[in-house]
Amino acid sequence: MPSQKIETGHQDVVHDVAMDYYGKRVATASSDHSIKIIGVSNTASQHLATLIAHQGPVWQVVWAHPKFGSLLASCSYDGRVIIWKEGNQNEWTQAHVFNDHKSSVNSIAWAPHEIGLCLACGSSDGNISVFTARPDGGWDTSRIDQAHPVGVTSVSWAPSTAPGALVGSGLLDPVQKLCSGGCDNTVKVWKLNNGNWKMDCFPALQMHADWVRDVAWAPNLGLPKSTIASASQDGKVIIWTVAKEGDQWEGKVLNDFNTPVWRVSWSLTGNILAVADGNNNVTLWKEAVDGEWQQVSTVEP
């Protein structure tokens with residue numbers, strides 16, 4: 001499929017782009033304090049809505065699973081997280097505003113839909129908050145205080161399928177685990193136990209020499225192995241794996257890009273990793289049979 005240029009209409013840097021579940025709409029987040037919703041097809045794009053409420057740069061936007069309706073979450077330098085709801089077509093309202101964080105909220109991630117409507121947020125105040133929707137329309141909050149004391153840059157949920165469980169067995173409760181990256185150069189894994197989040201990796205995963213910019217937990221398709229990718233200001237992407245629950249995580253450098261690496265993102269099957277680096281390159285990587293990671297292509301702009 002040939003690449004298609006989308007005019008966002010933003011007046012400043014675009015920090016994030018998120019495609020909805022059906023691939024029909026794109027949400028963009030910008031330093032101009034706004035979010036744009038753009039309809040996309042194979043041949044054209046169309047501006048559908050502009051969402052204005054944040055009072056600082058908007059860092060990330062994420063679509064909820066459509067079983068919860070048409071919902072979008074956004075986070076900003078202003079310390080707020082906003083849940084946006086689409087009522088009539090292209091008419092968006094603020095369904096909820098979270099003011100729990102005292103400084104920039106840098107990363108947000110919806111949990112796997114099997115867990116429910118649940119949003120994790122990482123902030124420069126060092127804390128991670130997890131907001132879970134209740135049936136009555138309210139929200140419950142759980143927190144990981146001082147997850148990364150100098151600041152949380154990124155959060156990502158583990159797949160809800162328990163590692164090693166066959167897909168669709170449905171006998172096990174969904175797993176609630178998170179990973180996070182921070183300005184302390186570490187990646188940490190967290191697990192929800194009896195309503196409390198506890199660190200699930202000892203010690204913290206430490207191979208980066210500078211800020212961790214992004215973390216992404218790979219889909220596991222019910223296989224025993226768990227995999228996390230981390231991207232850093234130090235130019236490296238590291239693939240962390242654990243063979244089975246309770247083992248130690250092991251890190252392996254995928255590549256040194258010699259420029260800060262901003263984002264990492266897995267394919268739906270978890271076998272291809274997209275990497276966005278500071279030289280404006282997006283590259284795709286795949287694990288070979290011998291366990292080495294190889295670049296399979298470059299995404300042309």
# chains A, B, ... in the order shown; residues from 1 in each chain; ligands from 1

$ residues_around --residues "region 73-83 of chain A" --least-positions-apart "4" --cutoff "6 Å" --atoms "only C-alpha atoms" --output "number ranges by chain"
A: 55-62, 94-99, 101-105

$ write_last_selection --atoms "all heavy atoms" --output "compact mmCIF listing (two decimals), in the first residue's frame"
# COMPACT_ATOMS: atom_id res chain seq x y z
N GLN A 55 -4.23 22.55 28.29
CA GLN A 55 -3.58 23.86 28.39
C GLN A 55 -2.07 23.75 28.24
O GLN A 55 -1.30 24.56 28.77
CB GLN A 55 -3.95 24.50 29.73
CG GLN A 55 -5.43 24.90 29.76
CD GLN A 55 -5.95 25.09 31.17
OE1 GLN A 55 -5.23 24.92 32.14
NE2 GLN A 55 -7.22 25.45 31.26
N GLY A 56 -1.63 22.74 27.53
CA GLY A 56 -0.21 22.54 27.25
C GLY A 56 -0.09 21.54 26.11
O GLY A 56 -1.11 21.03 25.61
N PRO A 57 1.15 21.27 25.69
CA PRO A 57 1.34 20.27 24.64
C PRO A 57 0.66 18.94 24.99
O PRO A 57 0.68 18.51 26.14
CB PRO A 57 2.86 20.10 24.59
CG PRO A 57 3.40 21.39 25.10
CD PRO A 57 2.42 21.86 26.13
N VAL A 58 0.04 18.33 23.99
CA VAL A 58 -0.59 17.02 24.17
C VAL A 58 0.41 15.97 23.68
O VAL A 58 0.84 16.00 22.53
CB VAL A 58 -1.92 16.92 23.39
CG1 VAL A 58 -2.62 15.59 23.70
CG2 VAL A 58 -2.83 18.09 23.72
N TRP A 59 0.79 15.07 24.58
CA TRP A 59 1.86 14.11 24.26
C TRP A 59 1.34 12.85 23.58
O TRP A 59 1.97 12.32 22.67
CB TRP A 59 2.62 13.71 25.52
CG TRP A 59 3.28 14.80 26.29
CD1 TRP A 59 3.18 15.02 27.63
CD2 TRP A 59 4.17 15.82 25.80
NE1 TRP A 59 3.94 16.10 28.01
CE2 TRP A 59 4.57 16.61 26.91
CE3 TRP A 59 4.68 16.14 24.53
CZ2 TRP A 59 5.43 17.70 26.79
CZ3 TRP A 59 5.55 17.23 24.42
CH2 TRP A 59 5.91 17.98 25.53
N GLN A 60 0.21 12.33 24.06
CA GLN A 60 -0.27 11.05 23.52
C GLN A 60 -1.79 11.03 23.44
O GLN A 60 -2.48 11.67 24.24
CB GLN A 60 0.21 9.87 24.39
CG GLN A 60 1.58 9.37 24.02
CD GLN A 60 1.93 8.04 24.68
OE1 GLN A 60 1.15 7.45 25.41
NE2 GLN A 60 3.12 7.56 24.40
N VAL A 61 -2.27 10.25 22.48
CA VAL A 61 -3.70 9.94 22.34
C VAL A 61 -3.84 8.44 22.14
O VAL A 61 -3.03 7.83 21.44
CB VAL A 61 -4.36 10.69 21.16
CG1 VAL A 61 -4.66 12.13 21.51
CG2 VAL A 61 -3.50 10.61 19.90
N VAL A 62 -4.85 7.84 22.78
CA VAL A 62 -5.08 6.40 22.61
C VAL A 62 -6.58 6.13 22.51
O VAL A 62 -7.37 6.66 23.29
CB VAL A 62 -4.47 5.55 23.76
CG1 VAL A 62 -2.98 5.40 23.58
CG2 VAL A 62 -4.78 6.14 25.10
N GLN A 94 -15.97 15.99 26.79
CA GLN A 94 -15.07 15.47 27.83
C GLN A 94 -15.90 14.63 28.81
O GLN A 94 -16.70 15.16 29.56
CB GLN A 94 -14.41 16.63 28.58
CG GLN A 94 -13.52 17.49 27.71
CD GLN A 94 -13.01 18.70 28.45
OE1 GLN A 94 -12.40 18.57 29.52
NE2 GLN A 94 -13.26 19.87 27.90
N ALA A 95 -15.72 13.32 28.75
CA ALA A 95 -16.46 12.43 29.64
C ALA A 95 -15.88 12.45 31.04
O ALA A 95 -16.60 12.30 32.03
CB ALA A 95 -16.46 11.00 29.09
N HIS A 96 -14.57 12.65 31.14
CA HIS A 96 -13.93 12.70 32.46
C HIS A 96 -12.57 13.37 32.34
O HIS A 96 -11.88 13.21 31.34
CB HIS A 96 -13.75 11.28 33.03
CG HIS A 96 -13.65 11.27 34.52
ND1 HIS A 96 -14.74 11.16 35.35
CD2 HIS A 96 -12.58 11.39 35.34
CE1 HIS A 96 -14.34 11.20 36.61
NE2 HIS A 96 -13.03 11.34 36.63
N VAL A 97 -12.23 14.13 33.37
CA VAL A 97 -10.91 14.76 33.44
C VAL A 97 -10.24 14.30 34.75
O VAL A 97 -10.83 14.44 35.82
CB VAL A 97 -10.99 16.29 33.40
CG1 VAL A 97 -9.58 16.91 33.49
CG2 VAL A 97 -11.70 16.77 32.14
N PHE A 98 -9.04 13.74 34.63
CA PHE A 98 -8.28 13.33 35.81
C PHE A 98 -7.20 14.36 36.10
O PHE A 98 -6.40 14.70 35.23
CB PHE A 98 -7.62 11.96 35.58
CG PHE A 98 -8.61 10.85 35.33
CD1 PHE A 98 -8.80 10.35 34.06
CD2 PHE A 98 -9.35 10.31 36.38
CE1 PHE A 98 -9.71 9.32 33.82
CE2 PHE A 98 -10.26 9.29 36.16
CZ PHE A 98 -10.44 8.79 34.87
N ASN A 99 -7.20 14.86 37.34
CA ASN A 99 -6.21 15.86 37.76
C ASN A 99 -5.28 15.31 38.83
O ASN A 99 -4.77 16.06 39.66
CB ASN A 99 -6.93 17.10 38.31
CG ASN A 99 -7.71 17.83 37.23
OD1 ASN A 99 -7.12 18.29 36.27
ND2 ASN A 99 -9.02 17.93 37.39
N HIS A 101 -2.29 14.02 38.76
CA HIS A 101 -0.84 14.22 38.67
C HIS A 101 -0.47 15.70 38.81
O HIS A 101 -1.21 16.58 38.39
CB HIS A 101 -0.31 13.65 37.36
CG HIS A 101 -0.37 12.15 37.32
ND1 HIS A 101 0.53 11.35 38.00
CD2 HIS A 101 -1.24 11.31 36.72
CE1 HIS A 101 0.22 10.08 37.79
NE2 HIS A 101 -0.86 10.02 37.03
N LYS A 102 0.69 15.92 39.41
CA LYS A 102 1.12 17.28 39.72
C LYS A 102 2.05 17.86 38.66
O LYS A 102 2.46 19.01 38.76
CB LYS A 102 1.83 17.29 41.09
CG LYS A 102 0.93 16.83 42.24
CD LYS A 102 -0.26 17.77 42.42
CE LYS A 102 -1.29 17.23 43.38
NZ LYS A 102 -2.40 16.54 42.73
N SER A 103 2.43 17.06 37.68
CA SER A 103 3.23 17.57 36.57
C SER A 103 2.87 16.78 35.32
O SER A 103 1.94 15.98 35.32
CB SER A 103 4.72 17.53 36.89
OG SER A 103 5.11 16.27 37.34
N SER A 104 3.63 17.03 34.27
CA SER A 104 3.33 16.48 32.94
C SER A 104 2.99 14.99 32.99
O SER A 104 3.69 14.19 33.62
CB SER A 104 4.55 16.69 32.04
OG SER A 104 4.35 16.11 30.78
N VAL A 105 1.90 14.62 32.31
CA VAL A 105 1.59 13.19 32.10
C VAL A 105 2.11 12.83 30.71
O VAL A 105 1.67 13.37 29.70
CB VAL A 105 0.08 12.91 32.22
CG1 VAL A 105 -0.20 11.43 31.96
CG2 VAL A 105 -0.43 13.32 33.58

$ residues_around --residues "Ala111 (chain A)" --least-positions-apart "4" --cutoff "12 Å" --atoms "only C-alpha atoms" --output "PDB file with N, CA and C atoms, in the first residue's frame"
ATOM      1  N   VAL A  62      -4.846   7.838  22.778  1.00  0.00           N
ATOM      2  CA  VAL A  62      -5.080   6.397  22.606  1.00  0.00           C
ATOM      3  C   VAL A  62      -6.580   6.125  22.513  1.00  0.00           C
ATOM      4  N   TRP A  63      -6.958   5.304  21.545  1.00  0.00           N
ATOM      5  CA  TRP A  63      -8.351   4.899  21.365  1.00  0.00           C
ATOM      6  C   TRP A  63      -8.661   3.721  22.287  1.00  0.00           C
ATOM      7  N   ALA A  64      -9.824   3.751  22.906  1.00  0.00           N
ATOM      8  CA  ALA A  64     -10.298   2.583  23.657  1.00  0.00           C
ATOM      9  C   ALA A  64     -10.840   1.547  22.682  1.00  0.00           C
ATOM     10  N   HIS A  65     -10.959   0.310  23.149  1.00  0.00           N
ATOM     11  CA  HIS A  65     -11.568  -0.745  22.328  1.00  0.00           C
ATOM     12  C   HIS A  65     -13.020  -0.351  22.027  1.00  0.00           C
ATOM     13  N   ILE A 115      -9.778  -6.913  30.463  1.00  0.00           N
ATOM     14  CA  ILE A 115      -9.651  -6.454  31.852  1.00  0.00           C
ATOM     15  C   ILE A 115     -10.737  -5.440  32.199  1.00  0.00           C
ATOM     16  N   GLY A 116     -11.296  -4.794  31.187  1.00  0.00           N
ATOM     17  CA  GLY A 116     -12.277  -3.738  31.404  1.00  0.00           C
ATOM     18  C   GLY A 116     -11.741  -2.415  30.884  1.00  0.00           C
ATOM     19  N   LEU A 117     -12.490  -1.350  31.132  1.00  0.00           N
ATOM     20  CA  LEU A 117     -12.073  -0.021  30.683  1.00  0.00           C
ATOM     21  C   LEU A 117     -11.125   0.543  31.734  1.00  0.00           C
ATOM     22  N   CYS A 118      -9.834   0.487  31.432  1.00  0.00           N
ATOM     23  CA  CYS A 118      -8.814   0.718  32.445  1.00  0.00           C
ATOM     24  C   CYS A 118      -7.630   1.419  31.786  1.00  0.00           C
ATOM     25  N   LEU A 119      -7.215   2.556  32.335  1.00  0.00           N
ATOM     26  CA  LEU A 119      -6.184   3.389  31.724  1.00  0.00           C
ATOM     27  C   LEU A 119      -5.011   3.585  32.673  1.00  0.00           C
ATOM     28  N   ALA A 120      -3.804   3.271  32.208  1.00  0.00           N
ATOM     29  CA  ALA A 120      -2.584   3.537  32.987  1.00  0.00           C
ATOM     30  C   ALA A 120      -1.956   4.828  32.490  1.00  0.00           C
ATOM     31  N   CYS A 121      -1.412   5.627  33.440  1.00  0.00           N
ATOM     32  CA  CYS A 121      -0.834   6.929  33.112  1.00  0.00           C
ATOM     33  C   CYS A 121       0.495   7.092  33.835  1.00  0.00           C
ATOM     34  N   VAL A 130      -3.579   4.284  37.726  1.00  0.00           N
ATOM     35  CA  VAL A 130      -4.408   3.386  36.922  1.00  0.00           C
ATOM     36  C   VAL A 130      -5.866   3.677  37.250  1.00  0.00           C
ATOM     37  N   PHE A 131      -6.606   4.120  36.243  1.00  0.00           N
ATOM     38  CA  PHE A 131      -8.016   4.477  36.412  1.00  0.00           C
ATOM     39  C   PHE A 131      -8.881   3.385  35.790  1.00  0.00           C
ATOM     40  N   THR A 132      -9.841   2.881  36.566  1.00  0.00           N
ATOM     41  CA  THR A 132     -10.707   1.794  36.105  1.00  0.00           C
ATOM     42  C   THR A 132     -12.164   2.235  36.195  1.00  0.00           C
ATOM     43  N   ALA A 133     -12.885   2.116  35.078  1.00  0.00           N
ATOM     44  CA  ALA A 133     -14.288   2.536  35.043  1.00  0.00           C
ATOM     45  C   ALA A 133     -15.157   1.559  35.825  1.00  0.00           C
ATOM     46  N   VAL A 155       4.459   3.852  29.616  1.00  0.00           N
ATOM     47  CA  VAL A 155       3.789   2.705  30.236  1.00  0.00           C
ATOM     48  C   VAL A 155       3.217   1.814  29.134  1.00  0.00           C
ATOM     49  N   SER A 156       3.195   0.496  29.401  1.00  0.00           N
ATOM     50  CA  SER A 156       2.638  -0.455  28.445  1.00  0.00           C
ATOM     51  C   SER A 156       2.091  -1.651  29.206  1.00  0.00           C
ATOM     52  N   TRP A 157       0.925  -2.154  28.792  1.00  0.00           N
ATOM     53  CA  TRP A 157       0.292  -3.298  29.462  1.00  0.00           C
ATOM     54  C   TRP A 157       0.791  -4.616  28.897  1.00  0.00           C
ATOM     55  N   ALA A 158       0.860  -5.603  29.765  1.00  0.00           N
ATOM     56  CA  ALA A 158       1.097  -6.974  29.322  1.00  0.00           C
ATOM     57  C   ALA A 158      -0.169  -7.497  28.648  1.00  0.00           C
ATOM     58  N   PRO A 159      -0.028  -8.462  27.743  1.00  0.00           N
ATOM     59  CA  PRO A 159      -1.216  -9.127  27.198  1.00  0.00           C
ATOM     60  C   PRO A 159      -2.021  -9.740  28.345  1.00  0.00           C
ATOM     61  N   SER A 160      -3.337  -9.799  28.184  1.00  0.00           N
ATOM     62  CA  SER A 160      -4.171 -10.314  29.281  1.00  0.00           C
ATOM     63  C   SER A 160      -4.141 -11.834  29.358  1.00  0.00           C
ATOM     64  N   PRO A 174      -7.794 -12.848  33.750  1.00  0.00           N
ATOM     65  CA  PRO A 174      -6.835 -12.071  32.968  1.00  0.00           C
ATOM     66  C   PRO A 174      -5.696 -11.569  33.858  1.00  0.00           C
ATOM     67  N   VAL A 175      -4.501 -11.574  33.288  1.00  0.00           N
ATOM     68  CA  VAL A 175      -3.325 -11.085  34.006  1.00  0.00           C
ATOM     69  C   VAL A 175      -3.327  -9.564  33.968  1.00  0.00           C
ATOM     70  N   GLN A 176      -3.025  -8.938  35.095  1.00  0.00           N
ATOM     71  CA  GLN A 176      -2.884  -7.485  35.106  1.00  0.00           C
ATOM     72  C   GLN A 176      -1.442  -7.134  35.447  1.00  0.00           C
ATOM     73  N   LYS A 177      -0.678  -6.847  34.395  1.00  0.00           N
ATOM     74  CA  LYS A 177       0.720  -6.452  34.555  1.00  0.00           C
ATOM     75  C   LYS A 177       0.997  -5.251  33.664  1.00  0.00           C
ATOM     76  N   LEU A 178       1.958  -4.458  34.116  1.00  0.00           N
ATOM     77  CA  LEU A 178       2.389  -3.269  33.382  1.00  0.00           C
ATOM     78  C   LEU A 178       3.901  -3.269  33.309  1.00  0.00           C
ATOM     79  N   CYS A 179       4.438  -2.613  32.288  1.00  0.00           N
ATOM     80  CA  CYS A 179       5.847  -2.240  32.356  1.00  0.00           C
ATOM     81  C   CYS A 179       5.939  -0.733  32.189  1.00  0.00           C
ATOM     82  N   TRP A 217       5.191  -3.828  25.485  1.00  0.00           N
ATOM     83  CA  TRP A 217       5.087  -5.251  25.814  1.00  0.00           C
ATOM     84  C   TRP A 217       4.493  -5.965  24.608  1.00  0.00           C
TER      85      TRP A 217
END

$ select_by_dssp --residues "region 25-237 of chain A" --states "helix (DSSP H, G or I)" --output "list of chain:residue names"
A:Pro66, A:Lys67, A:Phe68, A:His113, A:Glu114, A:Ile115

$ closest_residue --among "A:Ile144, A:Val237, A:Leu51, A:Leu268" --to "Asp256 (chain A)" --atoms "only C-alpha atoms"
A:Val237

$ closest_atom_pairs --of "region 213-268 of chain A" --to "region 180-204 of chain A" --cutoff "8 Å" --atoms "only C-alpha atoms" --output "JSON lines"
{"residue": "A:Arg213", "atom": "CA", "partner": "A:Gly181", "partner_atom": "CA", "distance": 6.8}
{"residue": "A:Asp214", "atom": "CA", "partner": "A:Gly181", "partner_atom": "CA", "distance": 6.3}
{"residue": "A:Val215", "atom": "CA", "partner": "A:Gly181", "partner_atom": "CA", "distance": 6.1}
{"residue": "A:Ser230", "atom": "CA", "partner": "A:Val187", "partner_atom": "CA", "distance": 7.5}
{"residue": "A:Ser232", "atom": "CA", "partner": "A:Asn185", "partner_atom": "CA", "distance": 7.9}
{"residue": "A:Gln248", "atom": "CA", "partner": "A:Cys201", "partner_atom": "CA", "distance": 7.4}
{"residue": "A:Trp249", "atom": "CA", "partner": "A:Cys201", "partner_atom": "CA", "distance": 7.4}
